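Engineer: Supplied structure: final_11.txt, compact mmCIF, C-alpha atoms.
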# COMPACT_ATOMS: atom_id res chain seq x y z
CA MET A 32 -84.58 69.80 16.45
CA LYS A 33 -84.68 72.06 19.47
CA LYS A 34 -86.18 71.24 22.83
CA ARG A 35 -88.94 73.79 23.60
CA ASP A 36 -92.65 74.12 24.01
CA VAL A 37 -94.47 72.63 21.07
CA ALA A 38 -97.98 72.81 19.68
CA PRO A 39 -100.76 71.79 22.07
CA GLY A 40 -101.04 68.02 22.27
CA MET A 41 -97.53 67.51 20.89
CA THR A 42 -94.55 66.46 22.95
CA GLY A 43 -90.83 66.27 22.37
CA GLU A 44 -88.55 68.23 20.10
CA VAL A 45 -89.55 71.37 18.20
CA ASP A 46 -89.45 70.97 14.44
CA GLU A 47 -89.87 73.41 11.57
CA VAL A 48 -93.63 72.89 11.54
CA ASP A 49 -93.89 73.79 15.23
CA GLU A 50 -92.10 77.04 14.41
CA ILE A 51 -94.46 77.73 11.48
CA ILE A 52 -97.48 77.10 13.70
CA ALA A 53 -96.08 79.32 16.45
CA ALA A 54 -95.57 82.14 13.96
CA TRP A 55 -99.10 81.77 12.59
CA ARG A 56 -100.50 81.59 16.12
CA ARG A 57 -98.74 84.87 16.87
CA GLU A 58 -100.07 86.48 13.68
CA ARG A 59 -103.47 84.78 13.44
CA GLY A 60 -104.49 83.57 16.86
CA ASP A 61 -108.09 83.75 15.70
CA VAL A 62 -107.93 80.61 13.51
CA ASP A 63 -107.66 76.91 14.30
CA LEU A 64 -104.15 75.93 13.22
CA ALA A 65 -104.47 72.22 14.13
CA PRO A 66 -104.57 71.01 10.50
CA LEU A 67 -101.12 72.52 9.92
CA ALA A 68 -99.62 70.11 12.46
CA VAL A 69 -100.68 67.24 10.21
CA PHE A 70 -100.65 68.53 6.66
CA SER A 71 -97.50 70.66 6.81
CA ARG A 72 -95.63 67.62 8.10
CA LEU A 73 -97.13 65.43 5.39
CA LEU A 74 -96.13 67.99 2.76
CA ARG A 75 -92.56 68.18 4.05
CA LEU A 76 -92.37 64.39 4.30
CA SER A 77 -93.69 64.11 0.75
CA LYS A 78 -90.84 66.30 -0.50
CA HIS A 79 -88.27 64.11 1.27
CA LEU A 80 -89.94 60.98 -0.07
CA ASP A 81 -89.97 62.38 -3.62
CA ARG A 82 -86.20 62.89 -3.42
CA VAL A 83 -85.61 59.36 -2.10
CA ARG A 84 -87.88 57.83 -4.74
CA SER A 85 -86.35 59.85 -7.57
CA LYS A 86 -82.92 58.62 -6.50
CA ALA A 87 -84.03 54.98 -6.47
CA PHE A 88 -85.73 55.26 -9.85
CA ALA A 89 -82.97 57.27 -11.55
CA ALA A 90 -80.44 54.59 -10.61
CA HIS A 91 -82.43 52.29 -12.90
CA GLY A 92 -83.10 54.77 -15.69
CA LEU A 93 -86.71 55.41 -14.68
CA GLU A 94 -88.78 58.50 -14.08
CA GLN A 95 -91.32 58.32 -11.27
CA TRP A 96 -94.25 58.03 -13.69
CA GLU A 97 -92.46 55.19 -15.52
CA PHE A 98 -91.97 53.34 -12.25
CA GLU A 99 -95.64 53.85 -11.37
CA MET A 100 -96.84 52.46 -14.70
CA LEU A 101 -94.40 49.53 -14.71
CA SER A 102 -95.23 48.81 -11.09
CA LEU A 103 -98.93 48.70 -11.92
CA LEU A 104 -98.31 46.31 -14.82
CA ARG A 105 -95.97 44.16 -12.71
CA ARG A 106 -98.54 43.82 -9.94
CA ALA A 107 -101.11 42.66 -12.50
CA GLY A 108 -99.15 39.41 -12.84
CA ALA A 109 -98.09 37.58 -15.97
CA PRO A 110 -98.36 38.55 -18.76
CA TYR A 111 -97.97 41.98 -17.04
CA GLN A 112 -100.60 43.78 -19.06
CA LEU A 113 -103.71 45.87 -18.51
CA PRO A 114 -106.16 47.71 -20.75
CA PRO A 115 -105.29 51.39 -21.08
CA SER A 116 -108.58 52.36 -19.40
CA LYS A 117 -107.52 50.48 -16.25
CA VAL A 118 -104.03 52.07 -16.33
CA MET A 119 -105.60 55.51 -16.78
CA ALA A 120 -107.96 54.99 -13.82
CA GLU A 121 -105.30 53.57 -11.51
CA LEU A 122 -102.71 56.24 -12.29
CA MET A 123 -105.34 58.99 -12.29
CA VAL A 124 -104.14 60.56 -15.54
CA PRO A 125 -106.18 61.76 -18.54
CA SER A 126 -106.22 59.74 -21.75
CA GLY A 127 -103.94 62.14 -23.65
CA THR A 128 -101.30 61.93 -20.92
CA LEU A 129 -101.55 58.15 -20.86
CA THR A 130 -101.16 57.92 -24.64
CA HIS A 131 -98.03 60.07 -24.46
CA ARG A 132 -96.63 57.99 -21.61
CA ILE A 133 -97.31 54.71 -23.37
CA ASN A 134 -95.58 56.07 -26.49
CA CYS A 135 -92.53 57.04 -24.40
CA MET A 136 -92.44 53.65 -22.69
CA VAL A 137 -92.67 51.86 -26.04
CA GLU A 138 -89.84 54.00 -27.45
CA ARG A 139 -87.64 53.18 -24.46
CA GLY A 140 -88.40 49.47 -24.73
CA TYR A 141 -90.12 49.26 -21.32
CA ALA A 142 -93.62 48.52 -22.65
CA MET A 143 -95.46 47.48 -25.77
CA ARG A 144 -98.97 47.60 -27.12
CA ALA A 145 -100.64 44.22 -27.35
CA GLY A 146 -103.94 43.00 -28.72
CA ASP A 147 -106.25 40.32 -27.40
CA GLU A 148 -105.90 37.14 -29.45
CA SER A 149 -109.61 36.32 -29.14
CA ASP A 150 -110.98 39.84 -29.64
CA ARG A 151 -109.04 42.21 -31.88
CA ARG A 152 -110.96 45.21 -30.50
CA VAL A 153 -109.36 44.75 -27.07
CA LYS A 154 -105.99 46.45 -26.59
CA TYR A 155 -103.48 46.23 -23.75
CA VAL A 156 -100.35 47.93 -22.58
CA ARG A 157 -97.81 45.27 -21.58
CA ALA A 158 -94.50 45.55 -19.77
CA THR A 159 -91.54 44.12 -21.67
CA PRO A 160 -88.91 41.91 -20.02
CA GLU A 161 -86.67 45.02 -19.87
CA GLY A 162 -89.44 46.98 -18.14
CA ILE A 163 -89.99 44.17 -15.63
CA ALA A 164 -86.27 43.92 -14.88
CA ARG A 165 -86.02 47.68 -14.29
CA VAL A 166 -89.10 47.92 -12.07
CA ASP A 167 -88.01 44.91 -10.01
CA ALA A 168 -84.54 46.36 -9.43
CA ALA A 169 -85.93 49.83 -8.66
CA MET A 170 -88.45 48.34 -6.23
CA THR A 171 -85.70 46.53 -4.32
CA ASP A 172 -83.70 49.76 -3.99
CA LEU A 173 -86.81 51.78 -3.10
CA LEU A 174 -87.73 49.42 -0.28
CA ASP A 175 -84.19 49.58 1.10
CA LEU A 176 -84.27 53.39 1.10
CA GLU A 177 -87.76 53.60 2.57
CA LYS A 178 -86.85 51.14 5.34
CA LYS A 179 -84.03 53.51 6.29
CA MET A 180 -86.51 56.40 6.43
CA ILE A 181 -88.58 54.66 9.11
CA ALA A 182 -85.85 52.67 10.87
CA HIS A 183 -85.81 55.07 13.84
CA MET A 184 -89.46 54.26 14.62
CA PRO A 185 -90.41 51.19 16.67
CA PRO A 186 -92.52 48.65 14.72
CA ALA A 187 -95.64 49.42 16.76
CA GLU A 188 -95.38 53.13 15.87
CA ARG A 189 -94.95 52.28 12.17
CA THR A 190 -98.07 50.13 12.32
CA GLU A 191 -100.02 52.88 14.09
CA LEU A 192 -98.81 55.50 11.63
CA ALA A 193 -99.88 53.32 8.69
CA ARG A 194 -103.30 52.88 10.31
CA LEU A 195 -103.72 56.62 10.89
CA LEU A 196 -102.61 57.53 7.37
CA LYS A 197 -105.03 54.95 5.96
CA ALA A 198 -107.84 56.56 7.96
CA LEU A 199 -106.84 60.01 6.67
CA LEU A 200 -106.61 58.81 3.07
CA GLY A 201 -109.84 56.78 3.19
CA PRO A 202 -112.35 59.50 2.26
CA PHE A 203 -110.24 60.59 -0.71
CA GLU A 204 -109.90 57.05 -2.02
CA ALA A 205 -113.63 56.40 -1.48
CA SER A 206 -114.55 59.48 -3.49
CA ARG A 207 -112.21 58.38 -6.29
CA ALA A 208 -113.90 54.97 -6.44
CA THR A 209 -117.39 56.43 -6.53
CA PRO A 210 -118.60 57.08 -10.10
CA ALA A 211 -119.60 60.68 -10.78
Represent the structure from my file as structure tokens, please.
Structural biologist:
Amino acid sequence: MKKRDVAPGMTGEVDEVDEIIAAWRRERGDVDLAPLAVFSRLLRLSKHLDRVRSKAFAAHGLEQWEFEMLSLLRRAGAPYQLPPSKVMAELMVPSGTLTHRINCMVERGYAMRAGDESDRRVKYVRATPEGIARVDAAMTDLLDLEKKMIAHMPPAERTELARLLKALLGPFEASRATPA
């Protein structure tokens, strides 16, 4: 990063987003560019995070969506199963996509379909021991890589960043939880 003037309210080094904002300010000084300072950085960070996550998951033979599903099942606790409707809601995917993903996970030996012993109408998707082993190993590697991504920030800044991101995300999560 270069040392120069940055966007109003910002201090320190100039990054790519500062340069984008400066160019837009030059071309479109009539619009409020403040959201770019947040969302362009989030977008760029998301791309870096996707690469880091893909690397962690690939090392364990998982795609990102497989990790997400196995992680959801793992967090459910033993016997690591959930009804498909809950998986669909949590992963925010349509039923056809979920069916395809469950089929793929079953074929790979990471998940299985299970029925409820007391009510045959109730169905579950359950992580297999192989799926649990893979998600646990991938999670360990992911945490190591993500810790490296934020290691340059003091703990208080990490906590404040998490708080601010939670506040930004809140309205989106609230609207997702509200039935239509």
Engineer: Please compute the CA of Leu104 in chain A-CA of Pro202 in chain A distance, one decimal, in Å.
Structural biologist: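 These atoms are spaced 25.7 Å apart.
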Engineer: Calculate how many Å separate CA of Thr128 in chain A from CA of Gly162 in chain A, rounding to one decimal.
Structural biologist: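 Between CA of Thr128 in chain A and CA of Gly162 in chain A the gap works out to 19.3 Å.
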Engineer: Mind pulling up the distance from CA of Arg82 in chain A to CA of Ile52 in chain A?
Structural biologist: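 Pair CA of Ile52 in chain A / CA of Arg82 in chain A returns 24.9 Å.
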Engineer: As a compact mmCIF listing (two decimals) with C-alpha atoms, in the coordinates of the input, please: the residues near Ser116 in chain A (cut-off 12 Å, only C-alpha atoms, same-chain neighbours under 2 positions excluded).
Structural biologist:
# COMPACT_ATOMS: atom_id res chain seq x y z
CA GLN A 112 -100.60 43.78 -19.06
CA LEU A 113 -103.71 45.87 -18.51
CA PRO A 114 -106.16 47.71 -20.75
CA VAL A 118 -104.03 52.07 -16.33
CA MET A 119 -105.60 55.51 -16.78
CA ALA A 120 -107.96 54.99 -13.82
CA GLU A 121 -105.30 53.57 -11.51
CA LEU A 122 -102.71 56.24 -12.29
CA MET A 123 -105.34 58.99 -12.29
CA VAL A 124 -104.14 60.56 -15.54
CA PRO A 125 -106.18 61.76 -18.54
CA SER A 126 -106.22 59.74 -21.75
CA GLY A 127 -103.94 62.14 -23.65
CA LEU A 129 -101.55 58.15 -20.86
CA THR A 130 -101.16 57.92 -24.64
CA VAL A 153 -109.36 44.75 -27.07
CA LYS A 154 -105.99 46.45 -26.59
CA TYR A 155 -103.48 46.23 -23.75
CA VAL A 156 -100.35 47.93 -22.58
Engineer: Counting all atoms listed in the file, which of A:Leu192, A:Arg132, A:Leu80, A:Arg152 gets nearest to Phe98 in chain A?
Structural biologist: A:Arg132
Engineer: Quick one: residues within 8 Å of Ser85 in chain A, all atoms listed in the file counted, chain neighbours fewer than 3 positions away excluded, as JSON, numbers by chain?
Structural biologist: {"A": [81, 82, 88, 89, 94, 95]}
Engineer: Choose the residue, out of A:Asp167, A:Val48, A:Val83, A:Ala109, that has the smallest atom-to-atom separation from Val69 in chain A; count all atoms listed in the file.
Structural biologist: A:Val48
Engineer: Between A:Ala54, A:Cys135, A:Ala198, A:Leu103, which has the minimum distance to Leu67 in chain A (counting all atoms listed in the file)?
Structural biologist: A:Ala54
Engineer: Box for range 143-160 of chain A - axis-aligned, 8 Å on each of the six sides, all listed atoms - centre and size in Å to one decimal, as AutoDock Vina command-line options.
Structural biologist:
--center_x -99.9 --center_y 42.1 --center_z -25.8 --size_x 38.1 --size_y 27.6 --size_z 28.1
Engineer: Closest to Gly92 in chain A among A:Gly146, A:Pro160, A:Pro186, A:Gly140, using all atoms listed in the file?
Structural biologist: A:Gly140
Engineer: Have range 114-125 of chain A completed to all heavy atoms, please, and pass it along as a PDB file, in the coordinates of the input.
Structural biologist:
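New file result-v8.pdb:
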ATOM      1  N   PRO A 114    -105.594  46.799 -19.737  1.00  0.00           N
ATOM      2  CA  PRO A 114    -106.160  47.710 -20.750  1.00  0.00           C
ATOM      3  C   PRO A 114    -105.830  49.150 -20.379  1.00  0.00           C
ATOM      4  O   PRO A 114    -105.766  49.492 -19.185  1.00  0.00           O
ATOM      5  CB  PRO A 114    -107.668  47.446 -20.659  1.00  0.00           C
ATOM      6  CG  PRO A 114    -107.914  46.646 -19.443  1.00  0.00           C
ATOM      7  CD  PRO A 114    -106.597  46.091 -18.980  1.00  0.00           C
ATOM      8  N   PRO A 115    -105.623  49.989 -21.377  1.00  0.00           N
ATOM      9  CA  PRO A 115    -105.290  51.390 -21.080  1.00  0.00           C
ATOM     10  C   PRO A 115    -106.302  52.069 -20.164  1.00  0.00           C
ATOM     11  O   PRO A 115    -105.915  52.893 -19.335  1.00  0.00           O
ATOM     12  CB  PRO A 115    -105.264  52.045 -22.463  1.00  0.00           C
ATOM     13  CG  PRO A 115    -104.878  50.930 -23.380  1.00  0.00           C
ATOM     14  CD  PRO A 115    -105.559  49.703 -22.811  1.00  0.00           C
ATOM     15  N   SER A 116    -107.572  51.731 -20.259  1.00  0.00           N
ATOM     16  CA  SER A 116    -108.580  52.360 -19.400  1.00  0.00           C
ATOM     17  C   SER A 116    -108.296  52.058 -17.922  1.00  0.00           C
ATOM     18  O   SER A 116    -108.472  52.922 -17.056  1.00  0.00           O
ATOM     19  CB  SER A 116    -109.985  51.887 -19.771  1.00  0.00           C
ATOM     20  OG  SER A 116    -110.085  50.471 -19.649  1.00  0.00           O
ATOM     21  N   LYS A 117    -107.853  50.859 -17.627  1.00  0.00           N
ATOM     22  CA  LYS A 117    -107.520  50.480 -16.250  1.00  0.00           C
ATOM     23  C   LYS A 117    -106.265  51.234 -15.784  1.00  0.00           C
ATOM     24  O   LYS A 117    -106.203  51.725 -14.664  1.00  0.00           O
ATOM     25  CB  LYS A 117    -107.308  48.977 -16.163  1.00  0.00           C
ATOM     26  CG  LYS A 117    -106.854  48.462 -14.825  1.00  0.00           C
ATOM     27  CD  LYS A 117    -107.963  48.380 -13.826  1.00  0.00           C
ATOM     28  CE  LYS A 117    -107.488  47.642 -12.578  1.00  0.00           C
ATOM     29  NZ  LYS A 117    -108.386  47.774 -11.477  1.00  0.00           N
ATOM     30  N   VAL A 118    -105.267  51.342 -16.657  1.00  0.00           N
ATOM     31  CA  VAL A 118    -104.030  52.070 -16.330  1.00  0.00           C
ATOM     32  C   VAL A 118    -104.363  53.536 -16.053  1.00  0.00           C
ATOM     33  O   VAL A 118    -103.909  54.116 -15.071  1.00  0.00           O
ATOM     34  CB  VAL A 118    -102.985  51.926 -17.454  1.00  0.00           C
ATOM     35  CG1 VAL A 118    -101.763  52.781 -17.168  1.00  0.00           C
ATOM     36  CG2 VAL A 118    -102.602  50.460 -17.656  1.00  0.00           C
ATOM     37  N   MET A 119    -105.204  54.107 -16.921  1.00  0.00           N
ATOM     38  CA  MET A 119    -105.600  55.510 -16.780  1.00  0.00           C
ATOM     39  C   MET A 119    -106.297  55.738 -15.443  1.00  0.00           C
ATOM     40  O   MET A 119    -105.992  56.696 -14.728  1.00  0.00           O
ATOM     41  CB  MET A 119    -106.515  55.899 -17.943  1.00  0.00           C
ATOM     42  CG  MET A 119    -106.859  57.357 -18.030  1.00  0.00           C
ATOM     43  SD  MET A 119    -107.759  57.772 -19.544  1.00  0.00           S
ATOM     44  CE  MET A 119    -109.269  56.852 -19.323  1.00  0.00           C
ATOM     45  N   ALA A 120    -107.216  54.857 -15.084  1.00  0.00           N
ATOM     46  CA  ALA A 120    -107.960  54.990 -13.820  1.00  0.00           C
ATOM     47  C   ALA A 120    -107.041  54.825 -12.619  1.00  0.00           C
ATOM     48  O   ALA A 120    -107.123  55.594 -11.661  1.00  0.00           O
ATOM     49  CB  ALA A 120    -109.096  53.978 -13.779  1.00  0.00           C
ATOM     50  N   GLU A 121    -106.180  53.839 -12.651  1.00  0.00           N
ATOM     51  CA  GLU A 121    -105.300  53.570 -11.510  1.00  0.00           C
ATOM     52  C   GLU A 121    -104.262  54.667 -11.307  1.00  0.00           C
ATOM     53  O   GLU A 121    -103.935  55.009 -10.177  1.00  0.00           O
ATOM     54  CB  GLU A 121    -104.593  52.221 -11.682  1.00  0.00           C
ATOM     55  CG  GLU A 121    -105.503  51.034 -11.517  1.00  0.00           C
ATOM     56  CD  GLU A 121    -106.024  50.875 -10.100  1.00  0.00           C
ATOM     57  OE1 GLU A 121    -105.254  51.085  -9.142  1.00  0.00           O
ATOM     58  OE2 GLU A 121    -107.217  50.563  -9.945  1.00  0.00           O
ATOM     59  N   LEU A 122    -103.735  55.199 -12.391  1.00  0.00           N
ATOM     60  CA  LEU A 122    -102.710  56.240 -12.290  1.00  0.00           C
ATOM     61  C   LEU A 122    -103.303  57.640 -12.201  1.00  0.00           C
ATOM     62  O   LEU A 122    -102.572  58.608 -12.013  1.00  0.00           O
ATOM     63  CB  LEU A 122    -101.730  56.145 -13.468  1.00  0.00           C
ATOM     64  CG  LEU A 122    -100.950  54.836 -13.573  1.00  0.00           C
ATOM     65  CD1 LEU A 122    -100.007  54.882 -14.776  1.00  0.00           C
ATOM     66  CD2 LEU A 122    -100.178  54.538 -12.300  1.00  0.00           C
ATOM     67  N   MET A 123    -104.622  57.728 -12.374  1.00  0.00           N
ATOM     68  CA  MET A 123    -105.340  58.990 -12.290  1.00  0.00           C
ATOM     69  C   MET A 123    -104.773  60.043 -13.253  1.00  0.00           C
ATOM     70  O   MET A 123    -104.460  61.167 -12.855  1.00  0.00           O
ATOM     71  CB  MET A 123    -105.371  59.512 -10.850  1.00  0.00           C
ATOM     72  CG  MET A 123    -106.095  58.598  -9.903  1.00  0.00           C
ATOM     73  SD  MET A 123    -106.291  59.215  -8.222  1.00  0.00           S
ATOM     74  CE  MET A 123    -104.624  59.133  -7.591  1.00  0.00           C
ATOM     75  N   VAL A 124    -104.612  59.641 -14.507  1.00  0.00           N
ATOM     76  CA  VAL A 124    -104.140  60.560 -15.540  1.00  0.00           C
ATOM     77  C   VAL A 124    -105.158  60.585 -16.681  1.00  0.00           C
ATOM     78  O   VAL A 124    -105.849  59.589 -16.927  1.00  0.00           O
ATOM     79  CB  VAL A 124    -102.747  60.151 -16.098  1.00  0.00           C
ATOM     80  CG1 VAL A 124    -101.684  60.243 -15.011  1.00  0.00           C
ATOM     81  CG2 VAL A 124    -102.770  58.783 -16.723  1.00  0.00           C
ATOM     82  N   PRO A 125    -105.259  61.696 -17.395  1.00  0.00           N
ATOM     83  CA  PRO A 125    -106.180  61.760 -18.540  1.00  0.00           C
ATOM     84  C   PRO A 125    -105.659  60.927 -19.713  1.00  0.00           C
ATOM     85  O   PRO A 125    -104.481  60.583 -19.793  1.00  0.00           O
ATOM     86  CB  PRO A 125    -106.223  63.249 -18.880  1.00  0.00           C
ATOM     87  CG  PRO A 125    -105.033  63.860 -18.237  1.00  0.00           C
ATOM     88  CD  PRO A 125    -104.612  62.967 -17.110  1.00  0.00           C
TER      89      PRO A 125
END
